[in-house]
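Next comes work-v2.tsv, with TSV, C-alpha atoms.
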chain	number	residue	atom	x	y	z
A	164	MET	CA	-28.74	-8.95	0.27
A	165	ARG	CA	-25.55	-10.95	0.22
A	166	LEU	CA	-22.23	-9.39	1.16
A	167	LYS	CA	-19.91	-8.63	-1.77
A	168	VAL	CA	-16.24	-9.23	-1.01
A	169	TYR	CA	-13.31	-7.84	-2.99
A	170	LEU	CA	-10.51	-10.41	-3.13
A	171	ALA	CA	-7.23	-8.46	-3.06
A	172	GLY	CA	-3.80	-10.03	-3.33
A	173	PRO	CA	-0.82	-10.96	-5.46
A	174	GLU	CA	-2.57	-14.02	-6.93
A	175	VAL	CA	-2.95	-12.01	-10.14
A	176	PHE	CA	0.79	-12.44	-10.68
A	177	LEU	CA	0.85	-16.25	-10.35
A	178	PRO	CA	1.55	-18.47	-13.39
A	179	ASP	CA	-1.89	-20.03	-12.83
A	180	ALA	CA	-3.55	-16.79	-11.73
A	181	ARG	CA	-6.97	-17.62	-13.19
A	182	ALA	CA	-7.09	-21.04	-11.50
A	183	GLN	CA	-5.98	-19.65	-8.13
A	184	GLN	CA	-8.48	-16.81	-8.28
A	185	ASP	CA	-11.21	-19.25	-9.31
A	186	ARG	CA	-10.38	-21.33	-6.22
A	187	LYS	CA	-10.81	-18.26	-4.00
A	188	ILE	CA	-13.99	-17.31	-5.83
A	189	ALA	CA	-15.46	-20.78	-5.25
A	190	LEU	CA	-14.50	-20.69	-1.55
A	191	THR	CA	-16.13	-17.27	-1.21
A	192	ARG	CA	-19.36	-18.50	-2.76
A	193	ALA	CA	-19.30	-21.58	-0.52
A	194	ALA	CA	-19.16	-19.23	2.47
A	195	GLY	CA	-22.36	-17.57	1.31
A	196	LEU	CA	-20.62	-14.41	0.10
A	197	VAL	CA	-20.37	-12.81	-3.35
A	198	PRO	CA	-16.80	-12.64	-4.71
A	199	LEU	CA	-15.47	-9.68	-6.71
A	200	ALA	CA	-11.94	-10.20	-7.99
A	201	PRO	CA	-9.43	-8.37	-10.19
A	202	GLY	CA	-9.52	-10.07	-13.58
A	203	ASP	CA	-13.28	-10.69	-13.42
A	204	LEU	CA	-13.98	-8.01	-16.00
A	205	ALA	CA	-12.54	-8.02	-19.53
A	206	ILE	CA	-10.37	-5.06	-20.46
A	207	PRO	CA	-10.73	-3.63	-23.98
A	208	PRO	CA	-7.54	-3.09	-26.03
A	209	GLN	CA	-5.63	0.06	-25.07
A	210	PRO	CA	-3.38	2.36	-27.12
A	211	SER	CA	-0.39	2.07	-24.74
A	212	LYS	CA	0.99	0.14	-21.79
A	213	ARG	CA	0.30	3.11	-19.54
A	214	ALA	CA	-3.32	3.29	-20.75
A	215	LEU	CA	-3.68	-0.43	-20.00
A	216	GLY	CA	-2.47	0.26	-16.47
A	217	HIS	CA	-5.05	3.02	-16.11
A	218	ALA	CA	-7.82	0.76	-17.40
A	219	ILE	CA	-6.97	-1.98	-14.89
A	220	SER	CA	-6.74	0.59	-12.08
A	221	ALA	CA	-10.18	1.96	-13.03
A	222	ILE	CA	-11.79	-1.48	-13.14
A	223	ASP	CA	-10.29	-2.58	-9.82
A	224	GLU	CA	-11.47	0.63	-8.14
A	225	LYS	CA	-14.94	0.09	-9.62
A	226	LEU	CA	-15.05	-3.44	-8.20
A	227	MET	CA	-13.98	-2.09	-4.80
A	228	ASP	CA	-16.69	0.57	-4.93
A	229	GLU	CA	-19.26	-2.16	-5.55
A	230	ALA	CA	-17.95	-4.36	-2.74
A	231	ASP	CA	-19.06	-4.31	0.89
A	232	ALA	CA	-15.84	-5.81	2.20
A	233	ILE	CA	-12.25	-6.66	1.36
A	234	ILE	CA	-10.07	-9.63	2.23
A	235	ALA	CA	-6.48	-8.57	1.55
A	236	ASN	CA	-3.72	-11.15	1.07
A	237	LEU	CA	-0.82	-9.41	2.83
A	238	THR	CA	1.72	-12.21	2.43
A	239	PRO	CA	5.16	-10.60	1.83
A	240	TYR	CA	5.89	-10.11	-1.86
A	241	HIS	CA	9.28	-9.30	-3.46
A	242	GLY	CA	10.63	-7.90	-0.23
A	243	VAL	CA	9.96	-7.50	3.46
A	244	SER	CA	6.35	-6.40	3.04
A	245	ALA	CA	3.09	-7.10	1.23
A	246	ASP	CA	2.27	-6.42	-2.41
A	247	THR	CA	1.93	-2.63	-2.72
A	248	GLY	CA	-1.17	-2.78	-4.92
A	249	THR	CA	-2.93	-4.80	-2.23
A	250	CYS	CA	-1.87	-2.26	0.42
A	251	PHE	CA	-3.28	0.55	-1.71
A	252	GLU	CA	-6.54	-1.37	-2.01
A	253	LEU	CA	-6.75	-2.02	1.73
A	254	GLY	CA	-6.30	1.70	2.40
A	255	TYR	CA	-8.92	2.48	-0.22
A	256	MET	CA	-11.48	0.19	1.41
A	257	CYS	CA	-10.71	1.49	4.92
A	258	ALA	CA	-11.38	5.02	3.68
A	259	ARG	CA	-14.66	3.95	2.08
A	260	GLY	CA	-15.88	2.51	5.38
A	261	LYS	CA	-16.11	-1.06	4.12
A	262	LEU	CA	-15.58	-4.21	6.22
A	263	VAL	CA	-11.84	-4.92	6.18
A	264	TYR	CA	-10.06	-8.24	6.73
A	265	GLY	CA	-6.60	-9.45	5.82
A	266	TYR	CA	-4.26	-12.39	6.15
A	267	THR	CA	-0.66	-13.38	5.67
A	268	ASN	CA	0.81	-16.78	4.95
A	269	VAL	CA	4.07	-15.88	6.73
A	270	ALA	CA	3.99	-16.14	10.52
A	271	ALA	CA	7.15	-14.09	11.18
A	272	ASP	CA	6.05	-10.57	12.09
A	273	MET	CA	7.24	-7.25	10.65
A	274	ARG	CA	10.00	-6.98	13.24
A	275	SER	CA	11.33	-10.50	12.62
A	276	ARG	CA	11.27	-10.14	8.84
A	277	SER	CA	12.99	-6.76	9.04
A	278	VAL	CA	15.72	-8.14	11.30
A	279	ALA	CA	16.19	-10.98	8.79
A	280	HIS	CA	16.36	-8.38	5.98
A	281	TYR	CA	19.41	-6.94	7.76
A	282	GLY	CA	20.86	-10.40	8.38
A	283	GLY	CA	20.50	-9.72	12.09
A	284	ASP	CA	22.72	-6.63	11.95
A	285	VAL	CA	20.40	-4.39	13.96
A	286	HIS	CA	20.77	-2.25	17.06
A	287	VAL	CA	18.72	-0.30	19.57
A	288	ASP	CA	19.35	3.46	19.45
A	289	THR	CA	19.59	5.80	22.44
A	290	ALA	CA	15.85	6.48	22.25
A	291	GLY	CA	15.14	2.74	22.49
A	292	ARG	CA	14.21	2.31	18.83
A	293	LEU	CA	15.24	-0.79	16.92
A	294	ARG	CA	17.23	0.12	13.79
A	295	GLY	CA	18.88	-1.68	10.89
A	296	ALA	CA	22.54	-1.35	9.96
A	297	ASP	CA	21.63	1.56	7.66
A	298	GLY	CA	19.94	3.41	10.54
A	299	LEU	CA	16.39	2.88	9.28
A	300	MET	CA	13.92	2.23	12.09
A	301	ILE	CA	12.31	-1.18	12.29
A	302	GLU	CA	8.63	-1.13	13.23
A	303	ASP	CA	8.25	-3.09	16.43
A	304	VAL	CA	4.58	-2.91	17.36
A	305	ASP	CA	3.64	-6.60	17.35
A	306	MET	CA	2.11	-6.50	13.89
A	307	ALA	CA	2.33	-8.49	10.66
A	308	ASP	CA	3.23	-5.54	8.41
A	309	ASN	CA	3.29	-1.75	8.49
A	310	LEU	CA	1.00	-0.52	11.27
A	311	MET	CA	-1.28	1.41	8.92
A	312	MET	CA	-2.49	-1.92	7.54
A	313	GLN	CA	-3.03	-3.96	10.69
A	314	GLY	CA	-4.12	-0.83	12.59
A	315	GLY	CA	-6.61	0.06	9.87
A	316	ILE	CA	-8.06	-3.45	9.94
A	317	GLU	CA	-8.22	-3.97	13.71
A	318	ARG	CA	-9.45	-0.48	14.57
A	319	ARG	CA	-12.44	-1.19	12.30
A	320	GLY	CA	-13.31	-4.46	13.99
A	321	GLY	CA	-11.70	-6.63	11.33
A	322	LYS	CA	-8.97	-9.20	11.76
A	323	LEU	CA	-5.58	-9.88	10.22
A	324	VAL	CA	-5.21	-13.66	10.29
A	325	VAL	CA	-1.65	-14.96	10.55
A	326	HIS	CA	-0.79	-18.43	9.25
A	327	GLN	CA	2.44	-20.15	8.23
A	328	ALA	CA	2.08	-21.83	4.85
A	329	ALA	CA	4.56	-24.30	3.39
A	330	PRO	CA	7.30	-22.48	1.41
A	331	ASP	CA	5.94	-23.76	-1.92
A	332	ALA	CA	2.38	-22.71	-1.06
A	333	LEU	CA	2.98	-19.12	0.10
A	334	TYR	CA	0.62	-17.67	-2.47
A	335	THR	CA	-1.78	-20.58	-2.85
A	336	ASP	CA	-2.50	-21.81	0.71
A	337	THR	CA	-6.06	-20.66	1.51
A	338	THR	CA	-6.20	-21.67	5.20
A	339	ALA	CA	-6.05	-18.08	6.48
A	340	PHE	CA	-8.23	-16.82	3.64
A	341	GLU	CA	-10.94	-19.31	4.64
A	342	ILE	CA	-10.77	-18.11	8.25
A	343	CYS	CA	-11.37	-14.56	6.98
A	344	LEU	CA	-14.35	-15.79	4.96
A	345	ALA	CA	-15.81	-17.46	8.04
A	346	LEU	CA	-15.32	-14.31	10.13
A	347	LEU	CA	-16.96	-12.16	7.45
A	348	ALA	CA	-19.85	-14.59	7.05
A	349	GLU	CA	-20.35	-14.61	10.82
A	350	ARG	CA	-20.33	-10.80	10.86
A	351	ALA	CA	-22.87	-10.78	8.03
A	352	GLY	CA	-25.09	-13.06	10.07
A	353	LEU	CA	-24.67	-16.00	7.72
A	354	ARG	CA	-24.46	-19.59	8.81
A	355	PRO	CA	-21.79	-21.72	7.15
A	356	ARG	CA	-23.28	-23.66	4.22
A	357	SER	CA	-22.47	-26.96	5.95
A	358	LEU	CA	-24.80	-25.96	8.79
A	359	ALA	CA	-27.35	-24.11	6.66
A	360	ALA	CA	-27.80	-27.19	4.50
A	361	GLY	CA	-28.41	-29.41	7.53
B	82	MET	CA	-8.43	28.77	2.73
B	83	ARG	CA	-5.03	27.24	2.22
B	84	LEU	CA	-4.64	23.70	0.97
B	85	LYS	CA	-3.62	21.16	3.63
B	86	VAL	CA	-1.20	18.52	2.40
B	87	TYR	CA	-0.51	15.19	4.09
B	88	LEU	CA	3.18	14.30	3.72
B	89	ALA	CA	3.37	10.51	3.38
B	90	GLY	CA	6.59	8.54	3.12
B	91	PRO	CA	9.25	6.46	4.80
B	92	GLU	CA	11.00	9.52	6.26
B	93	VAL	CA	9.51	8.49	9.62
B	94	PHE	CA	12.02	5.61	9.68
B	95	LEU	CA	15.15	7.73	9.10
B	96	PRO	CA	17.75	8.19	11.86
B	97	ASP	CA	17.06	11.94	11.62
B	98	ALA	CA	13.33	11.57	10.96
B	99	ARG	CA	12.34	14.76	12.77
B	100	ALA	CA	14.87	16.89	10.89
B	101	GLN	CA	13.92	15.43	7.51
B	102	GLN	CA	10.22	15.89	8.15
B	103	ASP	CA	10.86	19.43	9.34
B	104	ARG	CA	12.65	20.13	6.03
B	105	LYS	CA	9.62	18.90	4.09
B	106	ILE	CA	7.30	20.87	6.37
B	107	ALA	CA	9.28	24.07	5.74
B	108	LEU	CA	9.29	23.47	1.97
B	109	THR	CA	5.52	22.92	2.06
B	110	ARG	CA	4.95	26.17	3.91
B	111	ALA	CA	7.26	28.00	1.49
B	112	ALA	CA	5.02	26.74	-1.35
B	113	GLY	CA	2.03	28.41	0.31
B	114	LEU	CA	0.54	25.11	1.50
B	115	VAL	CA	-0.23	23.76	4.98
B	116	PRO	CA	1.77	20.64	5.91
B	117	LEU	CA	0.29	17.77	7.92
B	118	ALA	CA	2.83	15.07	8.73
B	119	PRO	CA	2.94	11.81	10.70
B	120	GLY	CA	4.71	12.61	13.95
B	121	ASP	CA	3.14	16.06	14.23
B	122	LEU	CA	0.87	14.95	17.05
B	123	ALA	CA	2.10	13.55	20.35
B	124	ILE	CA	0.97	10.04	21.20
B	125	PRO	CA	0.02	9.32	24.82
B	126	PRO	CA	1.59	6.25	26.51
B	127	GLN	CA	-0.08	2.96	25.53
B	128	PRO	CA	-0.48	-0.33	27.42
B	129	SER	CA	1.12	-2.47	24.69
B	130	LYS	CA	3.12	-2.32	21.48
B	131	ARG	CA	0.02	-3.29	19.52
B	132	ALA	CA	-1.99	-0.48	21.17
B	133	LEU	CA	0.78	1.95	20.24
B	134	GLY	CA	0.45	0.81	16.64
B	135	HIS	CA	-3.29	1.40	16.77
B	136	ALA	CA	-2.79	4.88	18.25
B	137	ILE	CA	-0.37	5.89	15.48
B	138	SER	CA	-2.71	4.44	12.85
B	139	ALA	CA	-5.62	6.44	14.28
B	140	ILE	CA	-3.66	9.70	14.37
B	141	ASP	CA	-2.33	9.30	10.83
B	142	GLU	CA	-5.83	8.58	9.51
B	143	LYS	CA	-7.12	11.65	11.39
B	144	LEU	CA	-4.44	13.81	9.76
B	145	MET	CA	-5.38	12.40	6.34
B	146	ASP	CA	-9.05	13.13	6.99
B	147	GLU	CA	-8.15	16.75	7.73
B	148	ALA	CA	-5.95	17.08	4.64
B	149	ASP	CA	-7.07	18.21	1.17
B	150	ALA	CA	-4.21	16.49	-0.61
B	151	ILE	CA	-1.41	13.95	-0.28
B	152	ILE	CA	2.14	13.86	-1.59
B	153	ALA	CA	3.32	10.25	-1.28
B	154	ASN	CA	7.02	9.40	-1.32
B	155	LEU	CA	6.96	6.14	-3.29
B	156	THR	CA	10.73	5.58	-3.40
B	157	PRO	CA	11.35	1.80	-3.14
B	158	TYR	CA	11.81	0.68	0.46
B	159	HIS	CA	13.22	-2.67	1.67
B	160	GLY	CA	12.42	-4.36	-1.61
B	161	VAL	CA	11.25	-3.79	-5.16
B	162	SER	CA	8.39	-1.47	-4.20
B	163	ALA	CA	7.42	1.49	-2.06
B	164	ASP	CA	6.84	1.55	1.69
B	165	THR	CA	3.58	-0.30	2.29
B	166	GLY	CA	2.26	2.19	4.84
B	167	THR	CA	2.63	4.96	2.27
B	168	CYS	CA	0.78	2.84	-0.32
B	169	PHE	CA	-2.06	2.28	2.15
B	170	GLU	CA	-2.22	6.04	2.72
B	171	LEU	CA	-2.26	6.82	-1.01
B	172	GLY	CA	-5.17	4.41	-1.49
B	173	TYR	CA	-6.93	5.96	1.49
B	174	MET	CA	-6.65	9.46	0.03
B	175	CYS	CA	-7.74	8.33	-3.45
B	176	ALA	CA	-10.87	6.82	-1.91
B	177	ARG	CA	-11.59	10.03	0.00
B	178	GLY	CA	-11.49	12.05	-3.22
B	179	LYS	CA	-8.51	14.16	-2.16
B	180	LEU	CA	-5.88	15.62	-4.52
B	181	VAL	CA	-3.22	12.94	-4.97
B	182	TYR	CA	0.43	13.35	-5.95
B	183	GLY	CA	3.44	11.13	-5.56
B	184	TYR	CA	7.11	10.86	-6.36
B	185	THR	CA	9.97	8.42	-6.40
B	186	ASN	CA	13.70	9.06	-6.10
B	187	VAL	CA	14.53	5.97	-8.20
B	188	ALA	CA	14.23	6.44	-11.97
B	189	ALA	CA	14.19	2.72	-12.88
B	190	ASP	CA	10.56	1.73	-13.41
B	191	MET	CA	8.65	-1.22	-11.92
B	192	ARG	CA	9.63	-3.48	-14.81
B	193	SER	CA	13.35	-2.64	-14.57
B	194	ARG	CA	13.47	-3.05	-10.82
B	195	SER	CA	11.60	-6.35	-11.00
B	196	VAL	CA	13.97	-7.67	-13.67
B	197	ALA	CA	16.88	-6.62	-11.43
B	198	HIS	CA	15.19	-8.41	-8.49
B	199	TYR	CA	15.45	-11.63	-10.55
B	200	GLY	CA	19.04	-10.84	-11.57
B	201	GLY	CA	17.83	-10.67	-15.15
B	202	ASP	CA	16.51	-14.26	-15.08
B	203	VAL	CA	13.13	-13.46	-16.63
B	204	HIS	CA	11.19	-14.75	-19.61
B	205	VAL	CA	8.14	-13.99	-21.71
B	206	ASP	CA	5.39	-16.61	-21.42
B	207	THR	CA	3.23	-17.93	-24.26
B	208	ALA	CA	0.63	-15.25	-23.55
B	209	GLY	CA	3.28	-12.54	-23.95
B	210	ARG	CA	3.58	-11.78	-20.24
B	211	LEU	CA	6.95	-11.02	-18.68
B	212	ARG	CA	7.69	-13.39	-15.76
B	213	GLY	CA	10.43	-13.92	-13.23
B	214	ALA	CA	12.31	-17.20	-12.76
B	215	ASP	CA	9.68	-18.21	-10.16
B	216	GLY	CA	6.88	-17.68	-12.67
B	217	LEU	CA	5.50	-14.55	-11.02
B	218	MET	CA	4.33	-11.95	-13.54
B	219	ILE	CA	6.23	-8.69	-13.76
B	220	GLU	CA	4.06	-5.62	-14.23
B	221	ASP	CA	5.07	-4.00	-17.50
B	222	VAL	CA	2.77	-1.02	-17.94
B	223	ASP	CA	5.30	1.84	-18.06
B	224	MET	CA	4.79	2.80	-14.43
B	225	ALA	CA	6.97	3.52	-11.40
B	226	ASP	CA	5.31	0.99	-9.08
B	227	ASN	CA	2.19	-1.18	-8.93
B	228	LEU	CA	-0.42	0.22	-11.31
B	229	MET	CA	-2.98	0.86	-8.57
B	230	MET	CA	-0.72	3.64	-7.28
B	231	GLN	CA	0.28	5.43	-10.46
B	232	GLY	CA	-3.15	4.70	-12.01
B	233	GLY	CA	-4.92	6.08	-8.95
B	234	ILE	CA	-2.83	9.25	-9.08
B	235	GLU	CA	-2.95	9.93	-12.82
B	236	ARG	CA	-6.61	9.03	-13.30
B	237	ARG	CA	-7.41	11.74	-10.73
B	238	GLY	CA	-5.38	14.41	-12.52
B	239	GLY	CA	-2.39	14.13	-10.22
B	240	LYS	CA	1.19	13.33	-11.13
B	241	LEU	CA	3.80	10.82	-10.07
B	242	VAL	CA	7.13	12.64	-10.42
B	243	VAL	CA	10.14	10.43	-11.21
B	244	HIS	CA	13.63	11.58	-10.26
B	245	GLN	CA	16.95	9.82	-9.75
B	246	ALA	CA	18.57	10.83	-6.48
B	247	ALA	CA	22.15	10.07	-5.50
B	248	PRO	CA	22.40	6.67	-3.77
B	249	ASP	CA	23.13	8.28	-0.40
B	250	ALA	CA	20.19	10.68	-0.73
B	251	LEU	CA	17.42	8.27	-1.73
B	252	TYR	CA	15.23	9.24	1.21
B	253	THR	CA	16.38	12.83	1.69
B	254	ASP	CA	16.55	14.34	-1.83
B	255	THR	CA	13.55	16.69	-2.10
B	256	THR	CA	13.82	17.62	-5.82
B	257	ALA	CA	10.80	15.55	-6.86
B	258	PHE	CA	8.90	16.47	-3.69
B	259	GLU	CA	9.34	20.16	-4.51
B	260	ILE	CA	8.00	19.58	-8.03
B	261	CYS	CA	4.89	18.00	-6.46
B	262	LEU	CA	4.52	21.01	-4.17
B	263	ALA	CA	4.71	23.37	-7.16
B	264	LEU	CA	2.12	21.34	-9.07
B	265	LEU	CA	-0.21	21.32	-6.09
B	266	ALA	CA	0.25	25.04	-5.50
B	267	GLU	CA	-0.47	25.71	-9.17
B	268	ARG	CA	-3.60	23.57	-8.96
B	269	ALA	CA	-4.68	25.47	-5.86
B	270	GLY	CA	-4.23	28.72	-7.76
B	271	LEU	CA	-1.30	29.86	-5.65
B	272	ARG	CA	1.67	31.78	-7.01
B	273	PRO	CA	5.09	30.68	-5.81
B	274	ARG	CA	6.18	32.81	-2.88
B	275	SER	CA	9.15	34.15	-4.88
B	276	LEU	CA	6.72	35.70	-7.34
B	277	ALA	CA	4.04	36.64	-4.84
B	278	ALA	CA	6.57	38.61	-2.81
B	279	GLY	CA	7.76	40.53	-5.92
Structure translated into structure tokens:
Amino acid sequence: MRLKVYLAGPEVFLPDARAQQDRKIALTRAAGLVPLAPGDLAIPPQPSKRALGHAISAIDEKLMDEADAIIANLTPYHGVSADTGTCFELGYMCARGKLVYGYTNVAADMRSRSVAHYGGDVHVDTAGRLRGADGLMIEDVDMADNLMMQGGIERRGGKLVVHQAAPDALYTDTTAFEICLALLAERAGLRPRSLAAG
Amino acid sequence: MRLKVYLAGPEVFLPDARAQQDRKIALTRAAGLVPLAPGDLAIPPQPSKRALGHAISAIDEKLMDEADAIIANLTPYHGVSADTGTCFELGYMCARGKLVYGYTNVAADMRSRSVAHYGGDVHVDTAGRLRGADGLMIEDVDMADNLMMQGGIERRGGKLVVHQAAPDALYTDTTAFEICLALLAERAGLRPRSLAAG
């Protein structure tokens, strides 16, 4: 039985969301895996905006429940950190005991991005903790985002792949995503199609 | 058996993190509930920053596994949306079938905050979707943050309490947190201590 992979990330917000998700879906199939992505299922009309939100939430959770694995696009979104919906989904899949992988298209780590957020106006407190100008502690544990994410992935044998995409390809560069696919396929005991076809 | 509640939120980053968490712990006990909070357990020395991150991740997941419920502080943090670690934890608890509650100390909803992020430079596309100047879609489903969070909470019978705190009390105002405690206590069949003691 082929591994089903939930494709989590902020691609759903892109102007060409369908095309970008279709690219990831095709890459997933090429890796010998079965893609499950938000937007795959049609959503019937709803009586209110809030009800629409609930319907999408229900469908995405259903897809995750069906999946064996997740690849979470943790590229920073509208701030220092990743898209919050994707983070929710990564936590959800960790709790369900699924295979968990992630990637980011920004190489600067959580510490570097946080320091940049403060324009460099940071200091080390008396306890040795790095803090921003407003006193908020900056996580400094050699990770790409909040430690719950990278910790949750790595402690389960997964990997968070870090790659620096070009500025205009932050949400469309699939280099790191393809590395995750290869790692998942390897874990599932699949040979890459290029070899399998030989 | 008394309900155990995991207290998730960015309080761990505050200059007076211990004091603020102790306040929330005391309020939780006063509501007749058992608080479990990040930072409650000591972490042994680790060989590297990354290993320290893993150790904290493991302890926080262990606390969540022991808890019956979560109250997630979803107040925006370093950007448009909530602290990503808290979002991960909310997803984790939804997947484990626990009781899920959340709150935010910023009344402006996801749409309003996103529009503000773009300085008002937004437009509606031909499909009727609200988008920022960079083309990224703005979620407009009458929710406080990404729909996975509020959808996950409300679809499970929980509540996301919205409150506007004073600017200097964004991460310390406990009004909305206390409403969550009361809702959880009511759901657990507990009477508020003020009544129980009468």
| task | Select all residues from chain A having any atom no more than 9 Å from an atom of chain B (counting only C-alpha atoms, ignoring ligands), output as a ChimeraX atom specification. | result | /A:175-178,211-221,223-224,240-259,277,280,294,297-306,308-315,317-318
Store the residues picked out above, limited to C-alpha atoms, as a PDB file, in the frame of the given file.
ATOM      1  CA  VAL A 175      -2.950 -12.010 -10.140  1.00  0.00           C
ATOM      2  CA  PHE A 176       0.790 -12.440 -10.680  1.00  0.00           C
ATOM      3  CA  LEU A 177       0.850 -16.250 -10.350  1.00  0.00           C
ATOM      4  CA  PRO A 178       1.550 -18.470 -13.390  1.00  0.00           C
ATOM      5  CA  SER A 211      -0.390   2.070 -24.740  1.00  0.00           C
ATOM      6  CA  LYS A 212       0.990   0.140 -21.790  1.00  0.00           C
ATOM      7  CA  ARG A 213       0.300   3.110 -19.540  1.00  0.00           C
ATOM      8  CA  ALA A 214      -3.320   3.290 -20.750  1.00  0.00           C
ATOM      9  CA  LEU A 215      -3.680  -0.430 -20.000  1.00  0.00           C
ATOM     10  CA  GLY A 216      -2.470   0.260 -16.470  1.00  0.00           C
ATOM     11  CA  HIS A 217      -5.050   3.020 -16.110  1.00  0.00           C
ATOM     12  CA  ALA A 218      -7.820   0.760 -17.400  1.00  0.00           C
ATOM     13  CA  ILE A 219      -6.970  -1.980 -14.890  1.00  0.00           C
ATOM     14  CA  SER A 220      -6.740   0.590 -12.080  1.00  0.00           C
ATOM     15  CA  ALA A 221     -10.180   1.960 -13.030  1.00  0.00           C
ATOM     16  CA  ASP A 223     -10.290  -2.580  -9.820  1.00  0.00           C
ATOM     17  CA  GLU A 224     -11.470   0.630  -8.140  1.00  0.00           C
ATOM     18  CA  TYR A 240       5.890 -10.110  -1.860  1.00  0.00           C
ATOM     19  CA  HIS A 241       9.280  -9.300  -3.460  1.00  0.00           C
ATOM     20  CA  GLY A 242      10.630  -7.900  -0.230  1.00  0.00           C
ATOM     21  CA  VAL A 243       9.960  -7.500   3.460  1.00  0.00           C
ATOM     22  CA  SER A 244       6.350  -6.400   3.040  1.00  0.00           C
ATOM     23  CA  ALA A 245       3.090  -7.100   1.230  1.00  0.00           C
ATOM     24  CA  ASP A 246       2.270  -6.420  -2.410  1.00  0.00           C
ATOM     25  CA  THR A 247       1.930  -2.630  -2.720  1.00  0.00           C
ATOM     26  CA  GLY A 248      -1.170  -2.780  -4.920  1.00  0.00           C
ATOM     27  CA  THR A 249      -2.930  -4.800  -2.230  1.00  0.00           C
ATOM     28  CA  CYS A 250      -1.870  -2.260   0.420  1.00  0.00           C
ATOM     29  CA  PHE A 251      -3.280   0.550  -1.710  1.00  0.00           C
ATOM     30  CA  GLU A 252      -6.540  -1.370  -2.010  1.00  0.00           C
ATOM     31  CA  LEU A 253      -6.750  -2.020   1.730  1.00  0.00           C
ATOM     32  CA  GLY A 254      -6.300   1.700   2.400  1.00  0.00           C
ATOM     33  CA  TYR A 255      -8.920   2.480  -0.220  1.00  0.00           C
ATOM     34  CA  MET A 256     -11.480   0.190   1.410  1.00  0.00           C
ATOM     35  CA  CYS A 257     -10.710   1.490   4.920  1.00  0.00           C
ATOM     36  CA  ALA A 258     -11.380   5.020   3.680  1.00  0.00           C
ATOM     37  CA  ARG A 259     -14.660   3.950   2.080  1.00  0.00           C
ATOM     38  CA  SER A 277      12.990  -6.760   9.040  1.00  0.00           C
ATOM     39  CA  HIS A 280      16.360  -8.380   5.980  1.00  0.00           C
ATOM     40  CA  ARG A 294      17.230   0.120  13.790  1.00  0.00           C
ATOM     41  CA  ASP A 297      21.630   1.560   7.660  1.00  0.00           C
ATOM     42  CA  GLY A 298      19.940   3.410  10.540  1.00  0.00           C
ATOM     43  CA  LEU A 299      16.390   2.880   9.280  1.00  0.00           C
ATOM     44  CA  MET A 300      13.920   2.230  12.090  1.00  0.00           C
ATOM     45  CA  ILE A 301      12.310  -1.180  12.290  1.00  0.00           C
ATOM     46  CA  GLU A 302       8.630  -1.130  13.230  1.00  0.00           C
ATOM     47  CA  ASP A 303       8.250  -3.090  16.430  1.00  0.00           C
ATOM     48  CA  VAL A 304       4.580  -2.910  17.360  1.00  0.00           C
ATOM     49  CA  ASP A 305       3.640  -6.600  17.350  1.00  0.00           C
ATOM     50  CA  MET A 306       2.110  -6.500  13.890  1.00  0.00           C
ATOM     51  CA  ASP A 308       3.230  -5.540   8.410  1.00  0.00           C
ATOM     52  CA  ASN A 309       3.290  -1.750   8.490  1.00  0.00           C
ATOM     53  CA  LEU A 310       1.000  -0.520  11.270  1.00  0.00           C
ATOM     54  CA  MET A 311      -1.280   1.410   8.920  1.00  0.00           C
ATOM     55  CA  MET A 312      -2.490  -1.920   7.540  1.00  0.00           C
ATOM     56  CA  GLN A 313      -3.030  -3.960  10.690  1.00  0.00           C
ATOM     57  CA  GLY A 314      -4.120  -0.830  12.590  1.00  0.00           C
ATOM     58  CA  GLY A 315      -6.610   0.060   9.870  1.00  0.00           C
ATOM     59  CA  GLU A 317      -8.220  -3.970  13.710  1.00  0.00           C
ATOM     60  CA  ARG A 318      -9.450  -0.480  14.570  1.00  0.00           C
TER      61      ARG A 318
END
| query | Mind pulling up the distance from atom CA of Ala332 of chain A to atom CA of His204 of chain B? | reply |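 Value for the atom CA of His204 of chain B-atom CA of Ala332 of chain A distance: 22.0 Å.
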| Expressed in Å to a single decimal, how great is the separation between atom CA of Gly239 of chain B and atom CA of Leu180 of chain B? | 6.8 Å
I want to know what sits within 9 Å of segment 103-120 of chain B, based on all atoms listed in the file, with residues of the same chain fewer than 3 positions away left out; could you give that as a short mmCIF file (atom, residue, chain, number, x, y, z; two decimals) with C-alpha atoms, in the coordinates of the input?
data_model
loop_
_atom_site.label_atom_id
_atom_site.label_comp_id
_atom_site.auth_asym_id
_atom_site.auth_seq_id
_atom_site.Cartn_x
_atom_site.Cartn_y
_atom_site.Cartn_z
CA ARG B 83 -5.03 27.24 2.22
CA LEU B 84 -4.64 23.70 0.97
CA LYS B 85 -3.62 21.16 3.63
CA VAL B 86 -1.20 18.52 2.40
CA TYR B 87 -0.51 15.19 4.09
CA LEU B 88 3.18 14.30 3.72
CA ALA B 89 3.37 10.51 3.38
CA VAL B 93 9.51 8.49 9.62
CA ALA B 98 13.33 11.57 10.96
CA ARG B 99 12.34 14.76 12.77
CA ALA B 100 14.87 16.89 10.89
CA ALA B 123 2.10 13.55 20.35
CA ILE B 124 0.97 10.04 21.20
CA ILE B 137 -0.37 5.89 15.48
CA ILE B 140 -3.66 9.70 14.37
CA ASP B 141 -2.33 9.30 10.83
CA LEU B 144 -4.44 13.81 9.76
CA MET B 145 -5.38 12.40 6.34
CA GLU B 147 -8.15 16.75 7.73
CA ALA B 148 -5.95 17.08 4.64
CA THR B 255 13.55 16.69 -2.10
CA PHE B 258 8.90 16.47 -3.69
CA GLU B 259 9.34 20.16 -4.51
CA LEU B 262 4.52 21.01 -4.17
CA ALA B 263 4.71 23.37 -7.16
CA LEU B 265 -0.21 21.32 -6.09
CA ALA B 266 0.25 25.04 -5.50
CA LEU B 271 -1.30 29.86 -5.65
CA ARG B 272 1.67 31.78 -7.01
CA PRO B 273 5.09 30.68 -5.81
CA ARG B 274 6.18 32.81 -2.88
#
